[in-house]
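Just input25.tsv here, TSV, C-alpha atoms and all ligand atoms:
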```
chain	number	residue	atom	x	y	z
Y	1	MET	CA	114.38	92.46	92.68
Y	2	PRO	CA	112.19	89.46	91.77
Y	3	SER	CA	109.76	90.17	88.99
Y	4	GLN	CA	106.12	90.75	89.90
Y	5	ARG	CA	103.93	88.19	88.17
Y	6	ASP	CA	100.16	87.91	88.13
Y	7	VAL	CA	97.68	85.99	86.00
Y	8	VAL	CA	94.08	87.03	85.37
Y	9	GLU	CA	91.61	84.63	83.80
Y	10	GLY	CA	88.22	85.36	82.29
Y	11	ARG	CA	86.43	86.47	79.15
Y	12	LEU	CA	88.92	88.79	77.47
Y	13	VAL	CA	87.51	91.63	75.41
Y	14	LEU	CA	89.81	91.96	72.41
Y	15	PRO	CA	89.16	94.23	69.41
Y	16	GLU	CA	88.09	91.18	67.36
Y	17	GLY	CA	85.72	89.80	69.96
Y	18	VAL	CA	85.28	88.27	73.39
Y	19	VAL	CA	87.40	85.15	73.96
Y	20	PRO	CA	87.95	83.03	77.07
Y	21	GLY	CA	91.55	83.02	78.18
Y	22	ARG	CA	94.14	84.45	80.49
Y	23	VAL	CA	96.49	87.40	80.68
Y	24	THR	CA	99.91	87.15	82.28
Y	25	ILE	CA	101.23	90.34	83.84
Y	26	GLU	CA	104.95	90.80	84.49
Y	27	ASP	CA	106.29	93.92	86.16
Y	28	GLY	CA	103.23	95.89	85.14
Y	29	TRP	CA	103.22	94.86	81.49
Y	30	ILE	CA	101.23	92.26	79.58
Y	31	ALA	CA	103.62	89.36	79.00
Y	32	ALA	CA	101.21	86.81	77.50
Y	33	VAL	CA	97.64	86.57	76.24
Y	34	GLU	CA	96.42	83.00	75.84
Y	35	ARG	CA	93.14	81.68	74.58
Y	36	ASP	CA	91.68	78.86	76.67
Y	37	ASP	CA	88.16	77.69	76.03
Y	38	GLY	CA	88.03	76.36	79.58
Y	39	ALA	CA	88.85	79.71	81.16
Y	40	ARG	CA	86.25	81.07	83.59
Y	41	GLY	CA	85.96	84.40	85.32
Y	42	PRO	CA	85.04	88.03	84.88
Y	43	VAL	CA	84.87	90.06	81.71
Y	44	VAL	CA	88.39	91.53	81.38
Y	45	VAL	CA	88.82	94.79	79.47
Y	46	PRO	CA	91.62	97.31	78.96
Y	47	GLY	CA	91.51	100.23	81.39
Y	48	PHE	CA	89.32	103.06	80.14
Y	49	ILE	CA	90.87	106.32	78.87
Y	50	ASP	CA	88.71	109.43	79.30
Y	51	VAL	CA	90.01	112.30	77.15
Y	52	HIS	CA	87.21	114.70	78.12
Y	53	VAL	CA	86.41	114.87	81.83
Y	54	HIS	CA	86.04	117.99	84.00
Y	55	GLY	CA	86.02	116.24	87.37
Y	56	TRP	CA	84.61	113.34	89.35
Y	57	GLY	CA	83.54	112.38	92.86
Y	58	GLY	CA	83.29	115.98	94.03
Y	59	PHE	CA	86.76	116.90	92.73
Y	60	ALA	CA	87.53	119.37	89.91
Y	61	ALA	CA	90.17	119.17	87.17
Y	62	THR	CA	90.67	122.93	87.59
Y	63	GLY	CA	91.37	122.61	91.31
Y	64	ASP	CA	94.54	122.19	93.35
Y	65	VAL	CA	96.64	119.08	93.94
Y	66	HIS	CA	94.13	117.71	96.45
Y	67	GLU	CA	91.34	118.04	93.88
Y	68	LEU	CA	93.39	116.42	91.13
Y	69	ASP	CA	94.35	113.54	93.44
Y	70	GLY	CA	90.71	113.05	94.39
Y	71	MET	CA	89.55	113.14	90.79
Y	72	ALA	CA	92.18	110.60	89.69
Y	73	ARG	CA	91.30	108.21	92.53
Y	74	ALA	CA	87.55	108.53	91.95
Y	75	LEU	CA	88.00	107.81	88.23
Y	76	LEU	CA	90.15	104.73	88.79
Y	77	ARG	CA	87.35	103.22	90.86
Y	78	ARG	CA	85.16	103.45	87.76
Y	79	GLY	CA	87.67	101.59	85.61
Y	80	VAL	CA	89.32	104.71	84.17
Y	81	THR	CA	93.08	104.13	84.23
Y	82	SER	CA	94.16	107.13	82.12
Y	83	PHE	CA	92.60	110.55	81.58
Y	84	LEU	CA	93.05	114.14	80.52
Y	85	PRO	CA	92.00	116.67	83.17
Y	86	THR	CA	89.79	118.96	81.11
Y	87	ALA	CA	89.24	122.66	81.72
Y	88	PRO	CA	86.04	124.37	80.60
Y	89	THR	CA	86.46	127.89	79.21
Y	90	LEU	CA	88.50	129.89	81.73
Y	91	PRO	CA	89.63	133.52	81.79
Y	92	GLU	CA	92.65	133.84	79.49
Y	93	ALA	CA	94.95	134.64	82.42
Y	94	GLU	CA	93.83	131.45	84.15
Y	95	LEU	CA	94.77	129.11	81.26
Y	96	PRO	CA	98.53	129.09	81.96
Y	97	ARG	CA	97.82	128.61	85.67
Y	98	PHE	CA	95.67	125.56	84.95
Y	99	ALA	CA	98.39	124.19	82.67
Y	100	ASP	CA	101.07	124.82	85.31
Y	101	ARG	CA	99.06	123.11	88.04
Y	102	VAL	CA	98.44	119.99	85.97
Y	103	ARG	CA	102.03	119.84	84.69
Y	104	ALA	CA	103.44	120.16	88.21
Y	105	TRP	CA	101.04	117.49	89.48
Y	106	ILE	CA	101.56	114.84	86.78
Y	107	PRO	CA	104.86	113.42	88.12
Y	108	ALA	CA	103.33	113.22	91.61
Y	109	ALA	CA	99.92	111.84	90.60
Y	110	PRO	CA	98.84	108.96	92.88
Y	111	GLY	CA	99.59	105.39	91.79
Y	112	ASP	CA	96.13	104.35	92.99
Y	113	GLY	CA	94.45	106.84	90.66
Y	114	ALA	CA	93.86	107.17	86.94
Y	115	GLN	CA	97.08	108.27	85.23
Y	116	PRO	CA	97.08	111.78	83.72
Y	117	LEU	CA	98.40	111.97	80.14
Y	118	GLY	CA	98.43	115.77	79.83
Y	119	PHE	CA	95.37	117.99	79.70
Y	120	ASN	CA	92.47	119.07	77.52
Y	121	LEU	CA	91.21	122.63	77.00
Y	122	GLU	CA	87.52	122.89	76.05
Y	123	GLY	CA	87.60	126.57	75.17
Y	124	PRO	CA	88.04	129.46	74.87
Y	125	PHE	CA	87.80	129.17	71.06
Y	126	LEU	CA	84.09	128.34	70.98
Y	127	ALA	CA	81.33	129.90	68.86
Y	128	PRO	CA	79.14	132.15	71.03
Y	129	GLU	CA	75.92	130.79	69.51
Y	130	ARG	CA	76.93	127.20	70.36
Y	131	ARG	CA	78.64	127.90	73.67
Y	132	GLY	CA	76.54	125.44	75.70
Y	133	ALA	CA	77.54	125.72	79.34
Y	134	HIS	CA	80.54	128.00	78.80
Y	135	ASP	CA	80.68	131.60	80.03
Y	136	PRO	CA	80.06	133.76	76.92
Y	137	SER	CA	82.12	136.66	78.34
Y	138	LEU	CA	85.25	134.45	78.31
Y	139	LEU	CA	85.11	133.23	74.71
Y	140	LEU	CA	87.90	134.29	72.36
Y	141	THR	CA	88.66	133.95	68.68
Y	142	PRO	CA	92.01	132.40	67.82
Y	143	ALA	CA	92.97	135.70	66.18
Y	144	ALA	CA	92.47	137.51	69.50
Y	145	LEU	CA	94.60	135.17	71.59
Y	146	ALA	CA	97.82	136.53	73.05
Y	147	GLU	CA	100.82	134.64	71.68
Y	148	ALA	CA	102.27	134.37	75.18
Y	149	THR	CA	99.17	132.54	76.39
Y	150	LEU	CA	99.47	129.92	73.67
Y	151	ASP	CA	103.16	129.42	74.40
Y	152	ALA	CA	102.40	128.99	78.08
Y	153	VAL	CA	99.83	126.21	77.58
Y	154	LEU	CA	101.43	124.22	74.78
Y	155	ASP	CA	103.50	121.84	76.90
Y	156	GLY	CA	101.18	119.05	78.03
Y	157	LEU	CA	98.25	120.20	75.91
Y	158	ARG	CA	96.91	117.06	74.25
Y	159	VAL	CA	93.42	118.04	73.05
Y	160	ILE	CA	91.76	121.40	72.43
Y	161	THR	CA	88.32	122.27	71.11
Y	162	ILE	CA	88.13	124.86	68.33
Y	163	ALA	CA	85.13	126.11	66.34
Y	164	PRO	CA	86.53	126.13	62.78
Y	165	GLU	CA	84.53	129.14	61.60
Y	166	LEU	CA	86.15	131.57	64.04
Y	167	ASP	CA	88.56	134.26	62.92
Y	168	GLY	CA	92.05	132.76	62.79
Y	169	ALA	CA	90.87	129.20	63.41
Y	170	THR	CA	92.32	127.61	60.29
Y	171	GLU	CA	95.79	128.95	61.04
Y	172	LEU	CA	95.64	127.90	64.69
Y	173	ILE	CA	94.37	124.41	63.82
Y	174	ALA	CA	97.26	123.90	61.41
Y	175	ARG	CA	99.79	125.21	63.88
Y	176	LEU	CA	98.55	123.03	66.74
Y	177	ALA	CA	98.35	119.97	64.51
Y	178	ARG	CA	102.01	120.51	63.61
Y	179	ALA	CA	102.77	120.65	67.34
Y	180	ASP	CA	101.06	117.26	67.74
Y	181	VAL	CA	98.10	118.66	69.67
Y	182	VAL	CA	94.78	116.99	68.82
Y	183	VAL	CA	92.41	119.67	67.57
Y	184	SER	CA	88.81	118.67	68.18
Y	185	LEU	CA	86.16	120.59	66.27
Y	186	GLY	CA	83.19	121.56	68.38
Y	187	HIS	CA	80.99	124.17	70.03
Y	188	SER	CA	80.52	125.36	66.49
Y	189	ALA	CA	77.88	126.77	64.17
Y	190	SER	CA	80.02	126.03	61.12
Y	191	THR	CA	78.69	125.29	57.68
Y	192	LEU	CA	79.62	121.98	56.06
Y	193	ASP	CA	82.40	123.67	54.10
Y	194	GLN	CA	83.82	125.42	57.16
Y	195	ALA	CA	83.81	122.12	59.05
Y	196	ARG	CA	85.48	120.28	56.18
Y	197	GLY	CA	88.04	123.07	56.13
Y	198	GLY	CA	88.76	122.49	59.81
Y	199	TYR	CA	89.52	118.82	59.26
Y	200	ALA	CA	91.54	119.65	56.14
Y	201	ALA	CA	93.61	122.10	58.21
Y	202	GLY	CA	94.54	119.30	60.59
Y	203	ALA	CA	91.73	118.78	63.10
Y	204	ARG	CA	91.52	115.08	64.00
Y	205	SER	CA	88.62	114.84	66.39
Y	206	THR	CA	85.14	116.13	67.18
Y	207	THR	CA	83.95	117.35	70.57
Y	208	HIS	CA	80.77	115.60	71.78
Y	209	LEU	CA	79.18	114.80	68.41
Y	210	PHE	CA	75.74	116.41	67.95
Y	211	ASN	CA	75.97	118.46	71.15
Y	212	ALA	CA	76.61	122.18	70.72
Y	213	MET	CA	77.19	121.99	66.98
Y	214	SER	CA	75.49	122.55	63.64
Y	215	GLY	CA	73.92	119.25	62.85
Y	216	VAL	CA	72.21	117.03	60.35
Y	217	ASP	CA	69.65	119.38	58.82
Y	218	HIS	CA	69.29	117.67	55.46
Y	219	ARG	CA	69.32	120.95	53.53
Y	220	ALA	CA	71.93	122.70	55.65
Y	221	PRO	CA	74.37	120.06	56.92
Y	222	GLY	CA	76.93	121.27	59.42
Y	223	LEU	CA	79.75	120.01	61.58
Y	224	ALA	CA	77.98	116.79	62.63
Y	225	VAL	CA	77.67	115.71	59.01
Y	226	ALA	CA	81.29	116.61	58.26
Y	227	ALA	CA	82.37	114.57	61.29
Y	228	LEU	CA	80.38	111.56	60.12
Y	229	GLU	CA	81.54	111.70	56.50
Y	230	GLN	CA	85.27	112.04	57.28
Y	231	ASP	CA	86.46	108.50	57.94
Y	232	ASP	CA	89.69	109.75	59.52
Y	233	ALA	CA	87.97	112.01	62.03
Y	234	PHE	CA	87.41	110.75	65.55
Y	235	VAL	CA	84.06	111.58	67.17
Y	236	GLU	CA	83.39	111.86	70.88
Y	237	LEU	CA	80.05	110.52	72.09
Y	238	ILE	CA	78.55	111.22	75.51
Y	239	ALA	CA	76.55	108.01	75.94
Y	240	ASP	CA	74.64	108.94	79.09
Y	241	GLY	CA	71.23	108.85	77.39
Y	242	HIS	CA	70.68	112.59	77.92
Y	243	HIS	CA	73.10	114.17	75.46
Y	244	VAL	CA	72.33	112.02	72.42
Y	245	HIS	CA	69.25	109.82	72.13
Y	246	PRO	CA	70.24	106.12	72.28
Y	247	ALA	CA	68.57	105.59	68.89
Y	248	LEU	CA	71.49	107.52	67.37
Y	249	TRP	CA	74.25	105.41	68.92
Y	250	PRO	CA	74.05	102.44	66.52
Y	251	ILE	CA	73.66	104.83	63.61
Y	252	VAL	CA	76.87	106.60	64.60
Y	253	ALA	CA	78.55	103.21	65.08
Y	254	ARG	CA	77.55	102.20	61.55
Y	255	ALA	CA	78.58	105.52	60.03
Y	256	LYS	CA	82.04	105.67	61.57
Y	257	PRO	CA	84.94	103.21	61.23
Y	258	ALA	CA	85.13	101.10	64.41
Y	259	GLU	CA	88.41	102.68	65.46
Y	260	ARG	CA	87.15	106.28	65.25
Y	261	LEU	CA	84.43	106.30	67.92
Y	262	LEU	CA	85.44	107.75	71.30
Y	263	LEU	CA	83.36	107.42	74.41
Y	264	VAL	CA	83.89	110.39	76.73
Y	265	SER	CA	82.16	111.26	79.96
Y	266	ASP	CA	82.36	115.08	79.82
Y	267	ALA	CA	81.71	114.57	83.53
Y	268	LEU	CA	81.28	117.42	85.99
Y	269	PRO	CA	83.11	117.52	89.31
Y	270	ILE	CA	79.81	116.73	91.05
Y	271	ALA	CA	79.58	113.39	89.18
Y	272	GLY	CA	79.23	110.45	91.51
Y	273	THR	CA	77.86	112.47	94.42
Y	274	GLY	CA	74.15	112.49	93.52
Y	275	ASP	CA	71.81	115.33	92.61
Y	276	GLY	CA	72.58	118.87	93.74
Y	277	ARG	CA	73.81	122.29	92.74
Y	278	THR	CA	77.33	123.12	91.59
Y	279	THR	CA	79.25	125.42	89.27
Y	280	LEU	CA	81.21	124.86	86.08
Y	281	GLY	CA	83.59	127.55	84.83
Y	282	GLY	CA	81.80	130.03	87.09
Y	283	LEU	CA	78.26	129.19	85.88
Y	284	ALA	CA	75.59	127.71	88.16
Y	285	VAL	CA	74.62	124.14	87.31
Y	286	GLU	CA	71.91	121.92	88.79
Y	287	VAL	CA	71.76	118.12	88.65
Y	288	ASN	CA	68.32	116.49	88.76
Y	289	GLY	CA	67.85	112.77	88.22
Y	290	GLY	CA	71.29	112.41	86.64
Y	291	ARG	CA	70.73	115.29	84.21
Y	292	ALA	CA	72.99	118.35	84.60
Y	293	THR	CA	71.79	121.68	83.19
Y	294	LEU	CA	72.66	125.34	83.53
Y	295	ALA	CA	70.52	126.43	86.48
Y	296	GLY	CA	67.06	127.51	85.38
Y	297	THR	CA	67.55	126.39	81.76
Y	298	ALA	CA	67.35	123.21	79.65
Y	299	THR	CA	70.96	123.65	78.43
Y	300	LEU	CA	72.94	120.50	79.21
Y	301	ALA	CA	76.11	121.19	81.19
Y	302	GLY	CA	78.08	117.95	81.00
Y	303	SER	CA	77.31	114.54	82.43
Y	304	VAL	CA	77.47	112.81	85.77
Y	305	ILE	CA	78.56	109.43	84.40
Y	306	ALA	CA	81.96	107.79	84.10
Y	307	LEU	CA	83.12	105.68	81.18
Y	308	ASP	CA	81.98	102.43	82.82
Y	309	THR	CA	78.38	103.59	82.39
Y	310	ALA	CA	79.01	104.70	78.81
Y	311	VAL	CA	80.51	101.29	78.02
Y	312	ARG	CA	77.51	99.47	79.53
Y	313	ASN	CA	75.12	101.65	77.55
Y	314	VAL	CA	76.88	101.30	74.20
Y	315	ALA	CA	77.55	97.59	74.72
Y	316	ALA	CA	73.80	97.06	74.98
Y	317	ALA	CA	73.03	99.24	71.94
Y	318	VAL	CA	75.94	98.23	69.67
Y	319	SER	CA	78.35	95.55	70.96
Y	320	LEU	CA	80.70	95.00	73.85
Y	321	PRO	CA	83.93	94.96	71.78
Y	322	ARG	CA	82.94	98.18	69.97
Y	323	ALA	CA	82.00	99.89	73.23
Y	324	VAL	CA	85.21	98.81	74.95
Y	325	ALA	CA	87.42	99.85	72.02
Y	326	ALA	CA	85.73	103.26	72.02
Y	327	ALA	CA	86.75	103.68	75.65
Y	328	SER	CA	90.27	102.25	75.45
Y	329	ALA	CA	92.04	101.41	72.17
Y	330	ASN	CA	90.54	104.36	70.29
Y	331	PRO	CA	91.39	107.13	72.77
Y	332	ALA	CA	94.86	105.56	73.13
Y	333	ALA	CA	95.28	105.83	69.36
Y	334	LEU	CA	93.99	109.41	69.37
Y	335	LEU	CA	96.71	110.37	71.85
Y	336	GLY	CA	99.42	108.20	70.31
Y	337	ALA	CA	99.57	106.33	73.64
Y	338	ASP	CA	100.40	102.98	72.07
Y	339	ASP	CA	101.75	101.63	75.35
Y	340	ARG	CA	98.17	101.03	76.56
Y	341	GLY	CA	94.56	100.64	75.49
Y	342	ARG	CA	94.54	96.99	74.38
Y	343	ILE	CA	94.92	93.55	75.91
Y	344	GLU	CA	98.02	92.77	73.90
Y	345	VAL	CA	101.53	91.56	74.67
Y	346	GLY	CA	103.87	94.51	75.24
Y	347	ARG	CA	101.24	96.93	76.47
Y	348	ARG	CA	100.80	98.16	80.03
Y	349	ALA	CA	98.64	95.88	82.16
Y	350	HIS	CA	95.98	98.50	82.79
Y	351	LEU	CA	93.04	96.13	83.20
Y	352	VAL	CA	89.51	96.15	84.56
Y	353	ALA	CA	87.52	93.09	85.65
Y	354	LEU	CA	83.79	93.54	85.08
Y	355	GLY	CA	80.95	91.52	86.59
Y	356	GLU	CA	77.88	90.05	84.91
Y	357	GLU	CA	76.20	93.47	84.60
Y	358	LEU	CA	79.50	94.92	83.35
Y	359	GLU	CA	79.94	96.64	86.70
Y	360	VAL	CA	83.51	97.39	87.74
Y	361	ARG	CA	84.73	94.73	90.18
Y	362	ARG	CA	88.47	95.36	90.29
Y	363	VAL	CA	91.04	97.52	88.55
Y	364	THR	CA	94.80	97.41	88.12
Y	365	ARG	CA	97.44	99.70	86.70
Y	366	GLY	CA	99.79	96.74	86.60
Y	367	ALA	CA	100.84	96.46	90.25
Y	368	GLY	CA	98.18	94.97	92.51
Y	369	TRP	CA	94.43	95.18	92.19
Y	370	ILE	CA	92.01	97.64	93.71
Y	371	GLU	CA	88.85	95.77	94.73
Y	372	ILE	CA	85.71	97.78	94.03
Y	373	ALA	CA	82.75	95.52	94.77
Y	401	ZN	ZN	81.19	120.98	75.69
```
Show me the file's structure as structure tokens.
Amino acid sequence: MPSQRDVVEGRLVLPEGVVPGRVTIEDGWIAAVERDDGARGPVVVPGFIDVHVHGWGGFAATGDVHELDGMARALLRRGVTSFLPTAPTLPEAELPRFADRVRAWIPAAPGDGAQPLGFNLEGPFLAPERRGAHDPSLLLTPAALAEATLDAVLDGLRVITIAPELDGATELIARLARADVVVSLGHSASTLDQARGGYAAGARSTTHLFNAMSGVDHRAPGLAVAALEQDDAFVELIADGHHVHPALWPIVARAKPAERLLLVSDALPIAGTGDGRTTLGGLAVEVNGGRATLAGTATLAGSVIALDTAVRNVAAAVSLPRAVAAASANPAALLGADDRGRIEVGRRAHLVALGEELEVRRVTRGAGWIEIA
């Protein structure tokens, strides 16, 4: 079979900066990256990787094959080429079923959709007082979890949120870290010492920094401070402008090493379909003017953005290379997915061409382009 060759020219967003040049794609992989000061064209970035996303375009990560297909296709059209279907807190008996559905679907996931890299469980090991939009009746401590449930979800589990102060958390964090699962501290009321203990036990990431966690009270620092002081710890940021005030974004970018910031959408299934009413993990949610809250409350319940919006927002507040790395190279590093996430020879040609407003124009997973606008 003749090799498939394609060349894309434009302003390439590399970790070190934006340079004019071209990328040669051969059989789905990046075969050459050349600088050329005469190169013209779109802003070219690595495909985005969303490690925390509950659904998109009206489709839910916790749904059936049709829903997962729809979610993957909707995400790809926003420049997301890889993702982790993310479950909110579910009944314990439902966790293995979610894991089974995603595992069975992964080999059959559509080529014109974002590629699933496993799954993420946000819950059930969340602190009741920082549960956010999770059903309090379903929360568990790690000590109370049935061993069989853990065994049944381990294969394919890439990220899990744990509040480090819960009974049995330290042991579970250490065990999961040994199994190469990313433990993300979050939904937590932990003290600074409890949070430090969670990272010391093996937690490597932080679920939506500032949201649903003990924070930056200068006399009683909590998880947010621990996350910012630990250079090795990744931090997720929901950069939709509702979850964390934009004034904090450059402060976080200065506090953390460039390779430790993760942009996530935390998007709801209703994302991309406008305002309306929906449910998340059995709880009623309403979306008004792009802000999703538990119905009748001010409690935020996830976002309705995709990573393209987060990248635009953080590019304006910090810089384009930092924003792009936080949506591509950094999540790839978090997951150990070193076959993607950068415009670099030897990586998969998962690429997005952005227009002047950084809007998604076309996307490829290495074989042909999907034209968006
Ligand atoms: Zn959350």
Point-to-point distance in Å for CA of Arg342 (chain Y) and CA of Ala329 (chain Y): 5.5 Å
Distance query Val44 (chain Y) at most 10 Å, all atoms listed in the file, self and fewer than 5 positions along chain excluded, as a CSV table (one decimal) with C-alpha atoms, keeping the file's coordinate frame:
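The result, written out as out.csv:
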```
chain,number,residue,atom,x,y,z
Y,8,VAL,CA,94.1,87.0,85.4
Y,9,GLU,CA,91.6,84.6,83.8
Y,10,GLY,CA,88.2,85.4,82.3
Y,11,ARG,CA,86.4,86.5,79.2
Y,12,LEU,CA,88.9,88.8,77.5
Y,13,VAL,CA,87.5,91.6,75.4
Y,14,LEU,CA,89.8,92.0,72.4
Y,18,VAL,CA,85.3,88.3,73.4
Y,19,VAL,CA,87.4,85.2,74.0
Y,20,PRO,CA,88.0,83.0,77.1
Y,21,GLY,CA,91.6,83.0,78.2
Y,22,ARG,CA,94.1,84.4,80.5
Y,23,VAL,CA,96.5,87.4,80.7
Y,343,ILE,CA,94.9,93.6,75.9
Y,351,LEU,CA,93.0,96.1,83.2
Y,352,VAL,CA,89.5,96.2,84.6
Y,353,ALA,CA,87.5,93.1,85.6
Y,354,LEU,CA,83.8,93.5,85.1
Y,355,GLY,CA,81.0,91.5,86.6
Y,358,LEU,CA,79.5,94.9,83.4
Y,360,VAL,CA,83.5,97.4,87.7
Y,362,ARG,CA,88.5,95.4,90.3
Y,363,VAL,CA,91.0,97.5,88.6
```
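Taking all atoms listed in the file into account, ligand ZN 401 (chain Y) lies nearest to Y:Thr161 out of the set Y:Thr62, Y:Thr161, Y:Ser82, Y:Asn313.
Take the candidates Y:Ala87, Y:Ala301, Y:Ala233, Y:Ile270 and check each one against Trp56 (chain Y) using only C-alpha atoms; the shortest distance goes to Y:Ile270.
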Please identify every polymer residue within 12 Å of ligand ZN 401 (chain Y), using all atoms listed in the file, and present the set as a PyMOL selection string. chain Y and resi 52-54+86-89+120-127+130-135+160-163+184-188+206-213+236-238+243+264-268+280-281+299-303
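Distance check against Asn288 (chain Y) using all atoms listed in the file: of Y:Val51, Y:Ala337, Y:Val304, Y:Leu223, the minimum falls on Y:Val304.
In this model, the gap between CA of Glu129 (chain Y) and CA of Thr278 (chain Y) comes to 23.4 Å.
Atom pair CA of Ala316 (chain Y) / CA of His245 (chain Y) has a distance of 13.8 Å (rounded to one decimal).
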Between Y:Val7, Y:Val102, Y:Val181, Y:Val235, smallest distance to Glu34 (chain Y) by all atoms listed in the file belongs to Y:Val7
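Among Y:Ala310, Y:Glu165, Y:Pro142, Y:Gly222, the residue with the shortest atom-to-atom distance to Pro246 (chain Y), counting all atoms listed in the file, is Y:Ala310.
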If we count only C-alpha atoms, what is near Trp249 (chain Y) at a cut-off of 8 Å, once residues fewer than 2 positions away on the same chain are taken out, given as a list of chain:residue names? Y:Ala239, Y:Val244, Y:His245, Y:Pro246, Y:Ala247, Y:Ile251, Y:Val252, Y:Ala253, Y:Val314, Y:Ala317, Y:Val318
Excluding Thr170 (chain Y) and any residue of its chain fewer than 4 positions from it, enumerate the residues within 8 Å of it, using only C-alpha atoms, and give them as a PyMOL selection string. chain Y and resi 164+174+197-198+201
When you look at region 109-119 of chain Y with a cut-off of 9 Å (counting only C-alpha atoms), what residues show up, excluding the ones that are within fewer than 4 positions of it in the same chain? I need them as a count of residues only. 38
